[in-house]
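Raw structure01.csv, CSV, C-alpha atoms:
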```csv
chain,number,residue,atom,x,y,z
A,1,MET,CA,0.0,0.0,0.0
A,2,ASN,CA,1.3,3.4,-0.9
A,3,THR,CA,2.1,5.8,2.0
A,4,LYS,CA,-0.3,8.7,1.6
A,5,LYS,CA,0.8,10.5,4.7
A,6,SER,CA,3.9,9.9,6.9
A,7,GLU,CA,3.2,8.8,10.5
A,8,ASP,CA,4.4,12.1,11.9
A,9,ASN,CA,2.0,14.1,9.7
A,10,ILE,CA,-0.9,11.9,10.8
A,11,ILE,CA,0.0,12.4,14.4
A,12,ALA,CA,0.4,16.1,14.0
A,13,GLY,CA,-2.8,16.4,12.0
A,14,TYR,CA,-5.3,14.3,14.0
A,15,GLY,CA,-4.6,14.6,17.6
A,16,PRO,CA,-3.6,17.2,20.3
A,17,VAL,CA,0.0,16.1,20.5
A,18,ARG,CA,2.3,18.1,22.7
A,19,VAL,CA,5.4,17.6,20.6
A,20,ALA,CA,5.1,16.5,17.0
A,21,PRO,CA,7.9,14.0,16.2
A,22,VAL,CA,10.4,15.4,13.7
A,23,GLN,CA,12.9,12.6,13.5
A,24,LEU,CA,12.6,9.0,12.4
A,25,ARG,CA,13.4,7.7,15.8
A,26,SER,CA,10.7,9.9,17.5
A,27,THR,CA,8.2,8.9,14.8
A,28,LYS,CA,8.9,5.3,15.5
A,29,ARG,CA,8.5,5.8,19.2
A,30,VAL,CA,5.1,7.5,18.9
A,31,SER,CA,4.0,4.8,16.4
A,32,ASN,CA,4.9,2.1,18.9
A,33,ILE,CA,2.9,3.9,21.6
A,34,LEU,CA,-0.1,4.1,19.3
A,35,ASP,CA,0.3,0.4,18.3
A,36,ALA,CA,0.3,-0.5,22.0
A,37,ALA,CA,-2.9,1.6,22.5
A,38,ALA,CA,-4.6,-0.1,19.5
A,39,ALA,CA,-3.7,-3.6,20.8
A,40,TYR,CA,-5.0,-2.7,24.3
A,41,VAL,CA,-8.3,-1.2,22.9
A,42,SER,CA,-8.7,-4.3,20.7
A,43,GLN,CA,-8.5,-6.6,23.7
A,44,ASN,CA,-10.1,-4.5,26.5
A,45,GLY,CA,-12.0,-1.6,24.9
A,46,TYR,CA,-11.0,2.0,25.3
A,47,GLU,CA,-12.8,2.8,28.6
A,48,THR,CA,-10.1,1.3,30.8
A,49,LEU,CA,-7.0,2.4,28.9
A,50,THR,CA,-4.5,4.3,31.0
A,51,THR,CA,-1.1,5.8,30.2
A,52,ALA,CA,0.4,3.4,32.8
A,53,ALA,CA,-0.9,0.4,30.9
A,54,ILE,CA,0.4,1.7,27.6
A,55,ALA,CA,3.8,2.5,29.1
A,56,GLU,CA,4.1,-1.1,30.3
A,57,THR,CA,3.1,-2.7,27.0
A,58,SER,CA,4.9,-0.3,24.7
A,59,GLY,CA,8.2,-0.2,26.6
A,60,ALA,CA,8.1,3.6,26.7
A,61,SER,CA,8.3,5.4,30.0
A,62,ILE,CA,5.3,7.4,31.3
A,63,GLY,CA,7.5,10.5,30.8
A,64,THR,CA,8.0,9.7,27.2
A,65,ILE,CA,4.2,9.1,26.7
A,66,TYR,CA,3.4,12.5,28.3
A,67,ARG,CA,6.0,14.1,26.1
A,68,TYR,CA,3.8,13.4,23.1
A,69,PHE,CA,0.3,13.0,24.7
A,70,PRO,CA,-1.0,15.2,27.5
A,71,ASP,CA,-3.5,12.6,28.6
A,72,ARG,CA,-5.2,9.3,27.5
A,73,LEU,CA,-7.9,11.3,25.7
A,74,ALA,CA,-5.3,12.8,23.4
A,75,MET,CA,-3.9,9.3,22.7
A,76,LEU,CA,-7.3,8.0,21.8
A,77,GLN,CA,-8.0,11.0,19.6
A,78,THR,CA,-4.8,10.5,17.7
A,79,LEU,CA,-5.4,6.8,17.3
A,80,ALA,CA,-8.9,7.6,15.9
A,81,GLY,CA,-7.2,9.9,13.3
A,82,ARG,CA,-4.6,7.3,12.4
A,83,ASN,CA,-7.3,4.7,11.9
A,84,GLN,CA,-9.3,7.1,9.7
A,85,GLN,CA,-6.2,7.7,7.5
A,86,ARG,CA,-5.4,4.0,7.2
A,87,ALA,CA,-9.0,3.4,6.2
A,88,LEU,CA,-8.8,6.1,3.5
A,89,ASP,CA,-5.6,4.7,2.2
A,90,ALA,CA,-6.8,1.1,2.2
A,91,LEU,CA,-10.1,2.0,0.4
A,92,ARG,CA,-8.3,4.1,-2.2
A,93,ASP,CA,-5.7,1.4,-2.9
A,94,ALA,CA,-8.3,-1.4,-3.0
A,95,ILE,CA,-10.5,0.3,-5.6
A,96,ARG,CA,-7.5,1.3,-7.8
A,97,ALA,CA,-6.0,-2.2,-7.6
A,98,ALA,CA,-9.3,-4.0,-8.4
A,99,LYS,CA,-10.3,-1.6,-11.2
A,100,PRO,CA,-14.0,-2.5,-11.0
A,101,SER,CA,-15.9,-2.1,-14.2
A,102,THR,CA,-19.4,-2.1,-12.7
A,103,LEU,CA,-21.1,-0.6,-9.7
A,104,THR,CA,-21.8,-4.1,-8.3
A,105,GLU,CA,-18.1,-5.0,-8.5
A,106,GLY,CA,-17.1,-1.7,-7.0
A,107,LEU,CA,-19.4,-2.1,-4.0
A,108,ASP,CA,-18.0,-5.6,-3.4
A,109,VAL,CA,-14.5,-4.1,-3.4
A,110,VAL,CA,-15.6,-1.5,-0.8
A,111,PHE,CA,-17.3,-4.2,1.3
A,112,ASP,CA,-14.3,-6.5,1.3
A,113,CYS,CA,-11.9,-3.7,2.2
A,114,MET,CA,-14.0,-2.4,5.1
A,115,GLU,CA,-14.6,-6.0,6.4
A,116,GLY,CA,-10.8,-6.5,6.2
A,117,LEU,CA,-10.2,-3.4,8.4
A,118,PHE,CA,-12.6,-4.6,11.0
A,119,ARG,CA,-10.9,-8.0,11.0
A,120,GLN,CA,-7.3,-7.1,10.7
A,121,GLU,CA,-6.6,-3.5,12.0
A,122,PRO,CA,-6.2,-3.6,15.8
A,123,GLY,CA,-8.5,-1.3,17.6
A,124,TYR,CA,-10.4,-0.3,14.4
A,125,ARG,CA,-13.7,-1.8,15.6
A,126,SER,CA,-13.7,0.4,18.7
A,127,ILE,CA,-12.0,3.6,17.6
A,128,ARG,CA,-12.5,5.0,14.1
A,129,ALA,CA,-13.4,8.4,12.9
A,130,GLY,CA,-16.9,7.5,11.8
A,131,ASP,CA,-18.0,6.1,15.1
A,132,PRO,CA,-20.5,7.6,17.6
A,133,ILE,CA,-17.6,6.9,20.0
A,134,ASP,CA,-15.2,9.0,17.9
A,135,ILE,CA,-14.1,11.5,20.5
A,136,ARG,CA,-11.9,13.7,18.4
A,137,PRO,CA,-12.9,17.4,18.2
A,138,VAL,CA,-13.5,18.1,14.5
A,139,SER,CA,-11.2,21.0,13.7
A,140,GLU,CA,-11.3,20.4,9.9
A,141,ALA,CA,-13.9,19.3,7.4
A,142,ARG,CA,-13.4,15.6,8.3
A,143,MET,CA,-16.6,13.8,8.8
A,144,GLY,CA,-15.6,10.2,9.3
A,145,ASN,CA,-17.8,7.9,7.2
A,146,GLN,CA,-18.8,10.9,5.1
A,147,GLU,CA,-15.2,11.3,4.1
A,148,LEU,CA,-14.8,7.6,3.3
A,149,SER,CA,-18.0,7.6,1.2
A,150,GLN,CA,-16.9,10.7,-0.6
A,151,LEU,CA,-13.6,9.0,-1.5
A,152,MET,CA,-15.6,6.0,-2.7
A,153,ILE,CA,-17.7,8.3,-5.0
A,154,GLU,CA,-14.6,10.0,-6.4
A,155,GLU,CA,-12.8,6.7,-7.1
A,156,PHE,CA,-15.9,5.2,-8.7
A,157,SER,CA,-16.2,8.3,-10.9
A,158,THR,CA,-12.6,8.1,-11.9
A,159,THR,CA,-12.3,4.3,-12.3
A,160,MET,CA,-15.6,3.6,-14.0
A,161,GLY,CA,-16.5,7.0,-15.5
A,162,MET,CA,-19.7,7.1,-13.4
A,163,SER,CA,-21.5,10.3,-12.5
A,164,PHE,CA,-23.7,10.6,-9.4
A,165,ASP,CA,-26.5,13.1,-8.9
A,166,SER,CA,-27.6,14.2,-5.5
A,167,LYS,CA,-29.8,11.2,-5.0
A,168,GLY,CA,-27.0,8.8,-6.0
A,169,ARG,CA,-24.5,10.5,-3.7
A,170,LEU,CA,-27.0,10.3,-0.8
A,171,ALA,CA,-27.5,6.6,-1.5
A,172,LEU,CA,-23.8,5.9,-1.4
A,173,GLU,CA,-23.3,7.8,1.8
A,174,THR,CA,-26.4,6.1,3.4
A,175,GLY,CA,-25.2,2.7,2.2
A,176,PHE,CA,-21.8,3.3,3.7
A,177,GLU,CA,-23.3,4.3,7.1
A,178,ALA,CA,-25.4,1.2,7.1
A,179,LEU,CA,-22.5,-0.9,6.2
A,180,ASP,CA,-20.4,0.5,9.0
A,181,ALA,CA,-23.2,-0.1,11.5
A,182,LEU,CA,-23.8,-3.7,10.4
A,183,LEU,CA,-20.0,-4.5,10.5
A,184,VAL,CA,-20.0,-3.3,14.1
A,185,ARG,CA,-22.8,-5.8,14.8
A,186,ALA,CA,-21.1,-8.6,12.9
A,187,PHE,CA,-17.9,-8.3,14.9
A,188,LEU,CA,-19.5,-7.5,18.2
A,189,ARG,CA,-19.2,-11.1,19.6
A,190,VAL,CA,-17.6,-13.1,16.8
A,191,GLU,CA,-13.8,-12.5,16.4
A,192,ARG,CA,-13.8,-13.2,12.7
A,193,GLY,CA,-17.2,-11.7,12.1
A,194,ASP,CA,-20.7,-13.4,12.1
A,195,LYS,CA,-21.1,-14.9,8.7
A,196,ALA,CA,-24.9,-14.5,8.5
A,197,ILE,CA,-24.7,-10.8,9.5
A,198,LEU,CA,-21.8,-10.2,7.1
A,199,ALA,CA,-23.9,-11.7,4.2
A,200,GLU,CA,-26.9,-9.6,5.2
A,201,ALA,CA,-24.6,-6.5,5.4
A,202,ARG,CA,-23.4,-7.0,1.9
A,203,ARG,CA,-26.9,-7.5,0.6
A,204,ILE,CA,-28.3,-4.4,2.3
A,205,PHE,CA,-25.3,-2.3,1.1
A,206,HIS,CA,-26.0,-3.3,-2.5
A,207,LEU,CA,-29.7,-2.8,-2.1
A,208,ILE,CA,-29.5,0.7,-0.7
A,209,VAL,CA,-27.2,1.9,-3.5
A,210,ALA,CA,-28.7,0.0,-6.4
A,211,ASP,CA,-32.2,1.3,-5.5
A,212,ALA,CA,-31.0,4.9,-6.2
A,213,VAL,CA,-28.2,4.5,-8.6
A,214,ARG,CA,-29.2,3.2,-12.1
```
Take the structure in the file and give it back as structure tokens.
Amino acid sequence: MNTKKSEDNIIAGYGPVRVAPVQLRSTKRVSNILDAAAAYVSQNGYETLTTAAIAETSGASIGTIYRYFPDRLAMLQTLAGRNQQRALDALRDAIRAAKPSTLTEGLDVVFDCMEGLFRQEPGYRSIRAGDPIDIRPVSEARMGNQELSQLMIEEFSTTMGMSFDSKGRLALETGFEALDALLVRAFLRVERGDKAILAEARRIFHLIVADAVR
């Protein structure tokens, strides 16, 4: 996957970081802290996350963590931003690699990509920028799932030469919101995702969009 933004830019742009890392070593250190936070959230949820727990699992001192993150909230906010950027990069890359020729094929590419993020990206199920639990203050025009659905529309327009009127755009945005909610349900209690719910999620995603986009 192409690197659309370096880790230091992601950190500086999506969370209230005290000191933005400017050297490779610092960037690696902050990335390790976020990796540890993502692993913790994946296993335990974000409610009980503490700086002490992340210091223990990341190998960084509490002083080092506080150098970059003023508190646990800032760490979670930055992790949400990183997850959002990774989702944007993954979705863009998936559509461009698959080169779908029909809307049906394109929707399957999007579904498979988002399912993969829920299954493989640590912490993504709990902390992502489109969630009701997204706790980042929105300082830019970044609207979580709206941003992801907008990227989907742009890539479909470029890849397949499709144009979408206001009804079609709304259908794609609504379908993506429904897909996200159903993926949350599918992975709520089943580690690899409930197959029946995943199948229904794919069907509904197609149905919502196909009903408005002809």
(message) With all atoms listed in the file as the counted atoms, please give the residues lying no more than 10 Å from range 121-125 of chain A, apart from itself and same-chain residues fewer than 5 positions off, as an NGL selection string.
(response) :A and (35-46 or 79-80 or 82-84 or 86-87 or 116 or 131 or 180 or 183-185 or 187-188)
(message) If we count only C-alpha atoms and set the cut-off at 9 Å, which residues sit around range 93-103 of chain A, ignoring sequence neighbours fewer than 5 positions away in its own chain? Please answer as a list in words.
(response)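 Close residues of range 93-103 of chain A: Met1, Asn2, Leu88, Asp108, Val109, Val110, Asp112, Cys113, Met152, Glu155, Phe156, Thr159, Met160, Met162, Ala210 and Val213 of chain A.
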(message) Report, in Å with one decimal, the straight-line distance from CA of Arg72 in chain A to CA of Gln120 in chain A.
(response) 23.6 Å
(request) Tell me, in Å to one decimal, how far CA of Ser126 in chain A is from CA of Ile208 in chain A. (result) 25.0 Å
(request) Pick out the closest residue to Asp89 in chain A from this set: A:Ala52, A:Leu151, A:Ala60, A:Ile33. Count only C-alpha atoms. (result) A:Leu151
(request) Considering only C-alpha atoms, state which residue in the set A:Gln77, A:Asn32, A:Thr48, A:Ser163 is at the smallest distance from Ile65 in chain A. (result)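 The shortest atom-to-atom distance to Ile65 in chain A comes from A:Asn32.
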(message) Nearest residue to Leu198 in chain A out of A:Ile62, A:Gln150, A:Glu115, A:Thr78, using only C-alpha atoms?
(response) A:Glu115
Dump as a PDB file with C-alpha atoms, in the coordinates of the input all residues having an atom at most 10 Å from (5.0, 8.2, 23.1), computed in the file's coordinates with all atoms listed in the file.
```pdb
ATOM      1  CA  VAL A  17       0.000  16.100  20.500  1.00  0.00           C
ATOM      2  CA  VAL A  19       5.400  17.600  20.600  1.00  0.00           C
ATOM      3  CA  PRO A  21       7.900  14.000  16.200  1.00  0.00           C
ATOM      4  CA  SER A  26      10.700   9.900  17.500  1.00  0.00           C
ATOM      5  CA  THR A  27       8.200   8.900  14.800  1.00  0.00           C
ATOM      6  CA  LYS A  28       8.900   5.300  15.500  1.00  0.00           C
ATOM      7  CA  ARG A  29       8.500   5.800  19.200  1.00  0.00           C
ATOM      8  CA  VAL A  30       5.100   7.500  18.900  1.00  0.00           C
ATOM      9  CA  SER A  31       4.000   4.800  16.400  1.00  0.00           C
ATOM     10  CA  ASN A  32       4.900   2.100  18.900  1.00  0.00           C
ATOM     11  CA  ILE A  33       2.900   3.900  21.600  1.00  0.00           C
ATOM     12  CA  LEU A  34      -0.100   4.100  19.300  1.00  0.00           C
ATOM     13  CA  ALA A  36       0.300  -0.500  22.000  1.00  0.00           C
ATOM     14  CA  THR A  51      -1.100   5.800  30.200  1.00  0.00           C
ATOM     15  CA  ILE A  54       0.400   1.700  27.600  1.00  0.00           C
ATOM     16  CA  ALA A  55       3.800   2.500  29.100  1.00  0.00           C
ATOM     17  CA  SER A  58       4.900  -0.300  24.700  1.00  0.00           C
ATOM     18  CA  GLY A  59       8.200  -0.200  26.600  1.00  0.00           C
ATOM     19  CA  ALA A  60       8.100   3.600  26.700  1.00  0.00           C
ATOM     20  CA  SER A  61       8.300   5.400  30.000  1.00  0.00           C
ATOM     21  CA  ILE A  62       5.300   7.400  31.300  1.00  0.00           C
ATOM     22  CA  GLY A  63       7.500  10.500  30.800  1.00  0.00           C
ATOM     23  CA  THR A  64       8.000   9.700  27.200  1.00  0.00           C
ATOM     24  CA  ILE A  65       4.200   9.100  26.700  1.00  0.00           C
ATOM     25  CA  TYR A  66       3.400  12.500  28.300  1.00  0.00           C
ATOM     26  CA  ARG A  67       6.000  14.100  26.100  1.00  0.00           C
ATOM     27  CA  TYR A  68       3.800  13.400  23.100  1.00  0.00           C
ATOM     28  CA  PHE A  69       0.300  13.000  24.700  1.00  0.00           C
ATOM     29  CA  MET A  75      -3.900   9.300  22.700  1.00  0.00           C
TER      30      MET A  75
END
```
(request) Give me the residues within 9 Å of Glu173 in chain A as an MDAnalysis selection string, counting all atoms listed in the file and dropping any in the same chain fewer than 4 places off. (result) chainID A and resid 145:146 148:150 153 168:169 177:178 209
(request) Measure the distance from CA of Leu179 in chain A to CA of Ala74 in chain A in Å and round it to one decimal. (result) 27.9 Å
(message) Nearest residue to Gly193 in chain A out of A:Ile127, A:Glu147, A:Leu117, A:Leu207, using all atoms listed in the file?
(response)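 Answer, going by the shortest atom-to-atom distance: A:Leu117.
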